[in-house]
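Participant: This one is data-v5.txt, compact mmCIF, C-alpha atoms.
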```txt
# COMPACT_ATOMS: atom_id res chain seq x y z
CA MET Y 25 126.33 -69.34 -21.61
CA ASN Y 26 129.68 -67.74 -22.33
CA LYS Y 27 130.52 -68.13 -26.05
CA SER Y 28 133.93 -69.70 -25.56
CA ILE Y 29 132.52 -72.20 -23.06
CA SER Y 30 129.66 -73.25 -25.36
CA GLN Y 31 132.13 -73.60 -28.24
CA ARG Y 32 134.30 -75.81 -26.08
CA MET Y 33 131.30 -77.96 -25.09
CA LYS Y 34 130.43 -78.33 -28.78
CA LEU Y 35 134.00 -79.35 -29.60
CA ILE Y 36 134.15 -81.85 -26.73
CA SER Y 37 130.79 -83.35 -27.77
CA LEU Y 38 132.02 -83.67 -31.35
CA VAL Y 39 135.20 -85.46 -30.21
CA LEU Y 40 133.18 -87.75 -27.91
CA ILE Y 41 130.92 -88.71 -30.85
CA LEU Y 42 133.85 -89.32 -33.19
CA THR Y 43 135.66 -91.44 -30.59
CA LEU Y 44 132.45 -93.48 -30.17
CA PHE Y 45 132.52 -94.04 -33.95
CA ASN Y 46 136.19 -95.02 -33.68
CA ALA Y 47 135.38 -97.51 -30.94
CA VAL Y 48 132.61 -99.14 -33.00
CA ALA Y 49 134.95 -99.24 -36.02
CA GLN Y 50 137.65 -100.81 -33.87
CA ILE Y 51 135.27 -103.58 -32.78
CA PHE Y 52 134.37 -104.34 -36.42
CA PHE Y 53 138.06 -104.22 -37.30
CA LYS Y 54 138.88 -106.67 -34.54
CA LYS Y 55 136.09 -108.99 -35.68
CA GLY Y 56 137.38 -108.90 -39.24
CA SER Y 57 141.03 -109.17 -38.30
CA ASN Y 58 140.63 -112.90 -37.63
CA TYR Y 59 140.51 -113.34 -41.40
CA ILE Y 60 143.51 -111.18 -42.23
CA VAL Y 61 146.36 -113.14 -43.80
CA PHE Y 62 149.96 -112.12 -43.17
CA SER Y 63 151.78 -114.53 -45.50
CA SER Y 64 152.61 -111.90 -48.12
CA PRO Y 65 151.93 -108.17 -48.67
CA LEU Y 66 149.54 -109.02 -51.54
CA SER Y 67 147.51 -111.53 -49.56
CA PHE Y 68 147.50 -109.07 -46.64
CA PHE Y 69 145.93 -106.31 -48.74
CA MET Y 70 143.53 -108.72 -50.47
CA SER Y 71 142.34 -110.12 -47.15
CA VAL Y 72 141.86 -106.59 -45.80
CA PHE Y 73 139.92 -105.22 -48.75
CA PHE Y 74 137.65 -108.24 -49.35
CA ASN Y 75 136.55 -108.43 -45.75
CA PHE Y 76 133.03 -107.20 -44.88
CA ASP Y 77 133.74 -106.32 -41.24
CA VAL Y 78 136.91 -104.46 -42.18
CA PHE Y 79 134.98 -102.67 -44.93
CA ILE Y 80 132.36 -101.47 -42.40
CA ALA Y 81 135.17 -100.44 -40.04
CA LEU Y 82 136.83 -98.39 -42.78
CA LEU Y 83 133.50 -96.78 -43.67
CA ILE Y 84 132.94 -95.69 -40.07
CA TYR Y 85 136.55 -94.50 -39.84
CA GLY Y 86 135.88 -92.41 -42.96
CA ILE Y 87 132.96 -90.64 -41.28
CA SER Y 88 134.89 -90.12 -38.07
CA SER Y 89 137.83 -88.60 -40.00
CA LEU Y 90 135.46 -85.96 -41.34
CA PHE Y 91 134.41 -85.22 -37.74
CA LEU Y 92 138.11 -85.12 -36.79
CA ILE Y 93 138.76 -82.49 -39.47
CA PHE Y 94 135.91 -80.35 -38.07
CA SER Y 95 137.21 -80.81 -34.53
CA LEU Y 96 140.73 -79.77 -35.52
CA ARG Y 97 139.26 -76.73 -37.24
CA MET Y 98 137.52 -75.73 -34.03
CA GLY Y 99 140.32 -76.21 -31.55
CA ASP Y 100 144.03 -76.67 -30.95
CA LEU Y 101 145.72 -79.93 -31.90
CA SER Y 102 147.14 -80.17 -28.39
CA PHE Y 103 143.56 -80.01 -27.07
CA VAL Y 104 141.80 -82.29 -29.57
CA TYR Y 105 144.39 -85.05 -29.88
CA PRO Y 106 144.53 -86.10 -26.20
CA LEU Y 107 140.72 -86.16 -26.12
CA LEU Y 108 140.88 -88.97 -28.69
CA GLY Y 109 141.91 -91.16 -25.74
CA ALA Y 110 138.17 -91.39 -25.02
CA THR Y 111 138.15 -94.17 -27.65
CA TYR Y 112 139.56 -96.58 -25.06
CA VAL Y 113 136.77 -95.76 -22.62
CA TRP Y 114 134.08 -96.29 -25.29
CA VAL Y 115 135.58 -99.65 -26.34
CA ASP Y 116 135.43 -100.94 -22.76
CA LEU Y 117 131.93 -99.50 -22.19
CA ILE Y 118 130.68 -101.25 -25.34
CA ALA Y 119 132.44 -104.46 -24.34
CA PHE Y 120 130.73 -104.26 -20.96
CA PHE Y 121 127.19 -103.15 -21.86
CA TYR Y 122 126.85 -104.75 -25.28
CA PHE Y 123 128.98 -107.88 -25.11
CA GLY Y 124 128.68 -108.38 -21.35
CA GLU Y 125 132.44 -108.70 -20.95
CA PHE Y 126 133.64 -107.90 -17.46
CA PHE Y 127 136.79 -105.86 -17.48
CA GLY Y 128 139.25 -106.33 -14.65
CA ILE Y 129 140.34 -103.80 -12.06
CA LYS Y 130 143.37 -102.89 -14.23
CA ILE Y 131 141.27 -101.79 -17.21
CA PHE Y 132 138.80 -100.05 -14.90
CA PHE Y 133 141.66 -98.08 -13.31
CA GLY Y 134 143.16 -97.21 -16.72
CA ASN Y 135 139.81 -95.88 -17.92
CA VAL Y 136 139.36 -93.83 -14.74
CA LEU Y 137 142.77 -92.18 -15.38
CA ILE Y 138 141.76 -91.38 -18.97
CA ILE Y 139 138.45 -89.86 -17.81
CA ILE Y 140 140.26 -87.73 -15.21
CA GLY Y 141 142.63 -86.53 -17.94
CA ILE Y 142 139.74 -85.66 -20.27
CA VAL Y 143 137.85 -83.76 -17.55
CA LEU Y 144 141.04 -81.88 -16.57
CA LEU Y 145 141.67 -80.96 -20.19
CA GLY Y 146 138.05 -80.07 -20.94
CA SER Y 147 137.60 -77.89 -17.87
CA GLY Y 148 140.79 -75.87 -18.53
CA SER Y 149 140.01 -72.16 -18.76
CA HIS Y 150 141.45 -70.03 -21.56
CA ASP Y 151 144.59 -71.83 -22.59
CA HIS Y 152 143.48 -72.62 -26.11
CA LYS Y 153 142.06 -70.95 -29.20
CA MET Y 154 138.52 -71.76 -30.32
CA ARG Y 155 136.47 -71.04 -33.38
CA ASP Y 156 133.32 -72.26 -35.12
CA ALA Y 157 133.50 -75.40 -37.26
CA LEU Y 158 132.45 -73.71 -40.49
CA MET X 14 163.57 -110.50 -32.68
CA ILE X 15 159.90 -110.23 -33.65
CA SER X 16 159.31 -108.07 -30.60
CA LEU X 17 162.16 -105.75 -31.60
CA PHE X 18 160.70 -105.42 -35.10
CA SER X 19 157.24 -104.76 -33.65
CA LEU X 20 158.69 -102.17 -31.30
CA ALA X 21 160.39 -100.30 -34.15
CA LEU X 22 157.24 -100.50 -36.25
CA VAL X 23 155.01 -99.21 -33.44
CA ASN X 24 157.33 -96.27 -32.80
CA PHE X 25 157.45 -95.46 -36.49
CA ALA X 26 153.64 -95.71 -36.66
CA THR X 27 153.10 -93.31 -33.73
CA PHE X 28 155.61 -90.86 -35.23
CA LEU X 29 153.75 -91.01 -38.56
CA GLY X 30 150.45 -90.61 -36.70
CA GLY X 31 151.81 -87.43 -35.09
CA ILE X 32 152.90 -86.03 -38.46
CA GLY X 33 149.53 -87.03 -39.95
CA SER X 34 147.58 -85.21 -37.24
CA LEU X 35 149.80 -82.12 -37.62
CA LEU X 36 149.12 -82.03 -41.38
CA LEU X 37 145.40 -82.66 -40.77
CA LYS X 38 145.29 -79.71 -38.37
CA ILE X 39 147.03 -77.44 -40.90
CA GLY X 40 144.76 -78.68 -43.72
CA SER X 41 141.55 -78.46 -41.67
CA ASP X 42 142.04 -74.69 -41.29
CA LYS X 43 141.50 -74.39 -45.05
CA PHE X 44 138.64 -76.93 -45.26
CA VAL X 45 135.61 -76.04 -47.40
CA PHE X 46 132.78 -78.20 -48.77
CA ASP X 47 134.15 -78.32 -52.31
CA LEU X 48 135.57 -81.57 -53.65
CA LYS X 49 138.07 -79.82 -55.92
CA LYS X 50 139.36 -77.61 -53.11
CA ILE X 51 139.54 -80.62 -50.78
CA LEU X 52 141.65 -82.55 -53.29
CA LEU X 53 143.90 -79.51 -53.82
CA ASN X 54 144.34 -79.11 -50.06
CA LYS X 55 147.75 -80.81 -49.88
CA PRO X 56 148.22 -80.90 -46.09
CA LEU X 57 144.71 -82.34 -45.70
CA VAL X 58 145.19 -85.05 -48.37
CA PHE X 59 148.69 -86.04 -47.22
CA GLY X 60 147.63 -85.79 -43.59
CA LEU X 61 144.77 -88.24 -44.21
CA LEU X 62 147.01 -90.61 -46.21
CA ILE X 63 149.73 -90.62 -43.55
CA TYR X 64 147.14 -91.02 -40.79
CA VAL X 65 145.61 -94.03 -42.56
CA LEU X 66 149.07 -95.50 -43.28
CA SER X 67 150.03 -95.22 -39.59
CA THR X 68 146.79 -96.98 -38.59
CA PHE X 69 147.53 -99.81 -41.00
CA LEU X 70 151.10 -100.15 -39.68
CA PHE X 71 149.66 -100.95 -36.25
CA VAL X 72 148.06 -104.14 -37.58
CA PRO X 73 151.31 -106.02 -38.43
CA ALA X 74 153.11 -104.24 -35.55
CA LEU X 75 150.70 -105.52 -32.91
CA HIS X 76 150.19 -108.89 -34.55
CA ASN X 77 152.21 -111.66 -32.87
CA ALA X 78 153.90 -109.05 -30.68
CA ASN X 79 154.30 -109.29 -26.94
CA LEU X 80 151.53 -106.73 -26.34
CA SER X 81 152.53 -105.75 -22.81
CA VAL X 82 155.96 -104.78 -24.14
CA VAL X 83 154.86 -103.08 -27.35
CA TYR X 84 151.55 -101.52 -26.35
CA PRO X 85 152.79 -98.81 -23.94
CA PHE X 86 154.68 -97.28 -26.86
CA VAL X 87 151.33 -96.60 -28.57
CA SER X 88 150.92 -93.73 -26.11
CA MET X 89 153.98 -92.04 -27.69
CA SER X 90 151.47 -90.66 -30.21
CA TYR X 91 150.28 -88.23 -27.51
CA PHE X 92 153.84 -87.05 -27.00
CA TRP X 93 154.35 -86.45 -30.74
CA ALA X 94 151.04 -84.58 -31.10
CA MET X 95 151.94 -82.25 -28.19
CA PHE X 96 155.51 -81.83 -29.44
CA PHE X 97 154.47 -80.95 -33.00
CA SER X 98 151.69 -78.61 -31.89
CA PHE X 99 154.16 -76.76 -29.65
CA VAL X 100 157.02 -76.58 -32.18
CA PHE X 101 155.16 -76.06 -35.47
CA LEU X 102 151.82 -74.56 -34.46
CA LYS X 103 153.09 -72.48 -31.51
CA GLU X 104 150.17 -73.69 -29.38
CA ARG X 105 150.28 -72.90 -25.71
CA ILE X 106 151.05 -75.99 -23.64
CA SER X 107 149.87 -75.17 -20.13
CA LEU X 108 150.76 -77.14 -17.03
CA ARG X 109 147.11 -78.26 -16.90
CA LYS X 110 147.39 -79.69 -20.42
CA ILE X 111 150.58 -81.57 -19.54
CA VAL X 112 149.06 -83.05 -16.38
CA ALA X 113 145.87 -84.00 -18.27
CA VAL X 114 147.88 -85.73 -21.00
CA LEU X 115 149.98 -87.58 -18.40
CA PHE X 116 146.73 -88.95 -16.90
CA ILE X 117 145.52 -90.06 -20.33
CA VAL X 118 148.89 -91.60 -21.26
CA GLY X 119 149.00 -93.36 -17.86
CA GLY X 120 145.52 -94.76 -18.48
CA VAL X 121 146.42 -95.98 -21.98
CA ILE X 122 149.59 -97.66 -20.67
CA ILE X 123 147.74 -99.37 -17.81
CA ILE X 124 145.00 -100.64 -20.15
CA GLY X 125 147.64 -102.09 -22.47
CA LEU X 126 149.72 -103.75 -19.75
```
Can you dump the structure from the file as structure tokens?
Facilitator:
Amino acid sequence: MNKSISQRMKLISLVLILTLFNAVAQIFFKKGSNYIVFSSPLSFFMSVFFNFDVFIALLIYGISSLFLIFSLRMGDLSFVYPLLGATYVWVDLIAFFYFGEFFGIKIFFGNVLIIIGIVLLGSGSHDHKMRDAL
Amino acid sequence: MISLFSLALVNFATFLGGIGSLLLKIGSDKFVFDLKKILLNKPLVFGLLIYVLSTFLFVPALHNANLSVVYPFVSMSYFWAMFFSFVFLKERISLRKIVAVLFIVGGVIIIGL
């Protein structure tokens, strides 16, 4: 395989993994957010930091930020950032396959648009710089 | 009134998110597996802090807000990322990239509606 193509596939895979992490973190965050208190800044921060689900979410976000740094090292910001939109698709896939939530036609259509955008971006030829992660 | 406040906060958060990702990109070019060098990597450290701050701003911004009004503005983060990478990083923004991002932004807006 052509080197620049295999580098791009690596980068896209890395971003797809990190957006999956983001999606899982988001679900934990949402679960924990029911216990977040908004009455004062202090109680807000206390309720965020002493919350197990939010703690797990932050931990996963920490790992995914490391992956994000590697991704940004490999490719252009204008290439990597839009790919992060895959998070939305993962969230709805998890909601569907894991929680059995049926999403409506609107969310289905929105996800299809995002996937088209990602494929368009990912299949673009030589309009961005690439290099190895380390 | 709450919606107006949420709207301002969301726009501020996406702007910060754009700046955070720009700094992260600049810092990631100098990334090495060395804790001391990571902590001395100013764009990386500030980029991470700003990125985290922008994420936290979304929580009060989206709380109690009329989501269908506020949520489409979340996709402004894609605009800022493209804008900053063009202006400050001199990245090439091809027509294909623009069309791809419009699809993604459209999808995000529709999901949030």
Participant: Please tabulate, as CSV, the residues of chain Y that come within 8 Å of chain X, each with its closest pair of atoms and the distance in Å to one decimal, counting all atoms listed in the file and ordering rows by chain, then residue number upward.
Facilitator:
```
residue,atom,partner,partner_atom,distance
Y:Phe62,CA,X:Pro73,CA,7.8
Y:Ile93,CA,X:Ser41,CA,5.4
Y:Phe94,CA,X:Ser41,CA,7.0
Y:Leu96,CA,X:Lys38,CA,5.4
Y:Arg97,CA,X:Ser41,CA,5.3
Y:Asp100,CA,X:Glu104,CA,7.0
Y:Leu101,CA,X:Ser98,CA,6.1
Y:Ser102,CA,X:Met95,CA,5.2
Y:Phe103,CA,X:Lys110,CA,7.7
Y:Tyr105,CA,X:Ala94,CA,6.8
Y:Pro106,CA,X:Val114,CA,6.2
Y:Gly109,CA,X:Ile117,CA,6.6
Y:Tyr112,CA,X:Val121,CA,7.5
Y:Lys130,CA,X:Ile124,CA,6.5
Y:Ile131,CA,X:Ile124,CA,4.9
Y:Phe133,CA,X:Gly120,CA,7.3
Y:Gly134,CA,X:Gly120,CA,3.8
Y:Asn135,CA,X:Gly120,CA,5.8
Y:Val136,CA,X:Gly120,CA,7.3
Y:Leu137,CA,X:Gly120,CA,4.9
Y:Ile138,CA,X:Ile117,CA,4.2
Y:Ile139,CA,X:Ile117,CA,7.5
Y:Ile140,CA,X:Phe116,CA,6.8
Y:Gly141,CA,X:Ala113,CA,4.1
Y:Ile142,CA,X:Ala113,CA,6.7
Y:Leu144,CA,X:Ala113,CA,5.5
Y:Leu145,CA,X:Ala113,CA,5.5
Y:Gly148,CA,X:Arg109,CA,7.0
Y:Asp151,CA,X:Arg105,CA,6.6
Y:His152,CA,X:Arg105,CA,6.8
Y:Leu158,CA,X:Val45,CA,7.9
```
Participant: So, counting all atoms listed in the file, which residue among X:Leu70, X:Leu53, X:Val100, X:Ala21 is closest to Phe86 of chain X?
Facilitator: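 Among the listed residues, the smallest separation from Phe86 of chain X belongs to X:Ala21.
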Participant: Could you jot down the atom CA of Phe127 of chain Y to atom CA of Val113 of chain Y separation for me, Å, one decimal place?
Facilitator: 11.3 Å
Participant: Atom CA of Ile60 of chain Y to atom CA of Gly33 of chain X: how many Å, to one decimal?
Facilitator: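 Computed distance, atom CA of Ile60 of chain Y to atom CA of Gly33 of chain X, equals 25.0 Å.
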Participant: For a test of reading the model, state the distance in Å between atom CA of Leu17 of chain X and atom CA of Ser57 of chain Y, rounded to one decimal.
Facilitator: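 About the pair atom CA of Leu17 of chain X and atom CA of Ser57 of chain Y: they are 22.4 Å apart.
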Participant: Counting only C-alpha atoms, figure out which residue out of Y:Leu35, Y:Val48, Y:Leu66, Y:Ile80 gets nearest to Leu92 of chain Y.
Facilitator: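 The shortest atom-to-atom distance to Leu92 of chain Y comes from Y:Leu35.
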Participant: With 3 Å added on each side, what axis-aligned box encloses every listed atom of segment 116-122 of chain X? Give the centre and edge lengths in Å to one decimal, as lines of an AutoDock Vina configuration file.
Facilitator:
```
center_x = 147.6
center_y = -93.3
center_z = -19.4
size_x = 10.1
size_y = 14.7
size_z = 11.1
```
Participant: Please complete segment 105-132 of chain Y so it has N, CA and C atoms, and hand it over as a JSON list (two decimals), in the coordinates of the input.
Facilitator:
```
[["chain", "number", "residue", "atom", "x", "y", "z"],
["Y", 105, "TYR", "N", 143.75, -83.73, -29.78],
["Y", 105, "TYR", "CA", 144.39, -85.05, -29.88],
["Y", 105, "TYR", "C", 144.29, -85.88, -28.60],
["Y", 106, "PRO", "N", 144.65, -85.28, -27.43],
["Y", 106, "PRO", "CA", 144.53, -86.10, -26.20],
["Y", 106, "PRO", "C", 143.11, -86.58, -25.92],
["Y", 107, "LEU", "N", 142.12, -85.77, -26.34],
["Y", 107, "LEU", "CA", 140.72, -86.16, -26.12],
["Y", 107, "LEU", "C", 140.37, -87.46, -26.86],
["Y", 108, "LEU", "N", 141.15, -87.75, -27.93],
["Y", 108, "LEU", "CA", 140.88, -88.97, -28.69],
["Y", 108, "LEU", "C", 141.08, -90.22, -27.81],
["Y", 109, "GLY", "N", 141.74, -90.06, -26.68],
["Y", 109, "GLY", "CA", 141.91, -91.16, -25.74],
["Y", 109, "GLY", "C", 140.58, -91.71, -25.24],
["Y", 110, "ALA", "N", 139.50, -90.93, -25.43],
["Y", 110, "ALA", "CA", 138.17, -91.39, -25.02],
["Y", 110, "ALA", "C", 137.77, -92.68, -25.75],
["Y", 111, "THR", "N", 138.42, -92.93, -26.91],
["Y", 111, "THR", "CA", 138.15, -94.17, -27.65],
["Y", 111, "THR", "C", 138.28, -95.40, -26.76],
["Y", 112, "TYR", "N", 139.32, -95.43, -25.93],
["Y", 112, "TYR", "CA", 139.56, -96.58, -25.06],
["Y", 112, "TYR", "C", 138.39, -96.80, -24.10],
["Y", 113, "VAL", "N", 137.87, -95.66, -23.57],
["Y", 113, "VAL", "CA", 136.77, -95.76, -22.62],
["Y", 113, "VAL", "C", 135.53, -96.31, -23.32],
["Y", 114, "TRP", "N", 135.23, -95.80, -24.53],
["Y", 114, "TRP", "CA", 134.08, -96.29, -25.29],
["Y", 114, "TRP", "C", 134.20, -97.78, -25.57],
["Y", 115, "VAL", "N", 135.39, -98.23, -26.01],
["Y", 115, "VAL", "CA", 135.58, -99.65, -26.34],
["Y", 115, "VAL", "C", 135.21, -100.52, -25.13],
["Y", 116, "ASP", "N", 135.70, -100.12, -23.95],
["Y", 116, "ASP", "CA", 135.43, -100.94, -22.76],
["Y", 116, "ASP", "C", 133.98, -100.84, -22.32],
["Y", 117, "LEU", "N", 133.36, -99.64, -22.52],
["Y", 117, "LEU", "CA", 131.93, -99.50, -22.19],
["Y", 117, "LEU", "C", 131.09, -100.39, -23.10],
["Y", 118, "ILE", "N", 131.43, -100.41, -24.40],
["Y", 118, "ILE", "CA", 130.68, -101.25, -25.34],
["Y", 118, "ILE", "C", 130.89, -102.72, -24.99],
["Y", 119, "ALA", "N", 132.14, -103.07, -24.70],
["Y", 119, "ALA", "CA", 132.44, -104.46, -24.34],
["Y", 119, "ALA", "C", 131.62, -104.88, -23.12],
["Y", 120, "PHE", "N", 131.45, -103.93, -22.18],
["Y", 120, "PHE", "CA", 130.73, -104.26, -20.96],
["Y", 120, "PHE", "C", 129.22, -104.30, -21.18],
["Y", 121, "PHE", "N", 128.64, -103.24, -21.76],
["Y", 121, "PHE", "CA", 127.19, -103.15, -21.86],
["Y", 121, "PHE", "C", 126.61, -103.93, -23.04],
["Y", 122, "TYR", "N", 127.39, -104.08, -24.10],
["Y", 122, "TYR", "CA", 126.85, -104.75, -25.28],
["Y", 122, "TYR", "C", 127.24, -106.22, -25.33],
["Y", 123, "PHE", "N", 128.52, -106.50, -25.03],
["Y", 123, "PHE", "CA", 128.98, -107.88, -25.11],
["Y", 123, "PHE", "C", 129.01, -108.57, -23.74],
["Y", 124, "GLY", "N", 128.71, -107.81, -22.69],
["Y", 124, "GLY", "CA", 128.68, -108.38, -21.35],
["Y", 124, "GLY", "C", 130.02, -108.88, -20.86],
["Y", 125, "GLU", "N", 131.11, -108.30, -21.42],
["Y", 125, "GLU", "CA", 132.44, -108.70, -20.95],
["Y", 125, "GLU", "C", 132.79, -107.90, -19.69],
["Y", 126, "PHE", "N", 133.21, -108.60, -18.67],
["Y", 126, "PHE", "CA", 133.64, -107.90, -17.46],
["Y", 126, "PHE", "C", 135.11, -107.54, -17.58],
["Y", 127, "PHE", "N", 135.37, -106.22, -17.46],
["Y", 127, "PHE", "CA", 136.79, -105.86, -17.48],
["Y", 127, "PHE", "C", 137.33, -105.92, -16.06],
["Y", 128, "GLY", "N", 138.63, -106.21, -15.96],
["Y", 128, "GLY", "CA", 139.25, -106.33, -14.65],
["Y", 128, "GLY", "C", 139.51, -104.98, -14.03],
["Y", 129, "ILE", "N", 140.04, -105.01, -12.82],
["Y", 129, "ILE", "CA", 140.34, -103.80, -12.06],
["Y", 129, "ILE", "C", 141.38, -102.95, -12.79],
["Y", 130, "LYS", "N", 142.30, -103.60, -13.52],
["Y", 130, "LYS", "CA", 143.37, -102.89, -14.23],
["Y", 130, "LYS", "C", 142.78, -101.99, -15.32],
["Y", 131, "ILE", "N", 141.88, -102.57, -16.13],
["Y", 131, "ILE", "CA", 141.27, -101.79, -17.21],
["Y", 131, "ILE", "C", 140.36, -100.71, -16.65],
["Y", 132, "PHE", "N", 139.65, -101.05, -15.57],
["Y", 132, "PHE", "CA", 138.80, -100.05, -14.90],
["Y", 132, "PHE", "C", 139.63, -98.86, -14.47]]
```
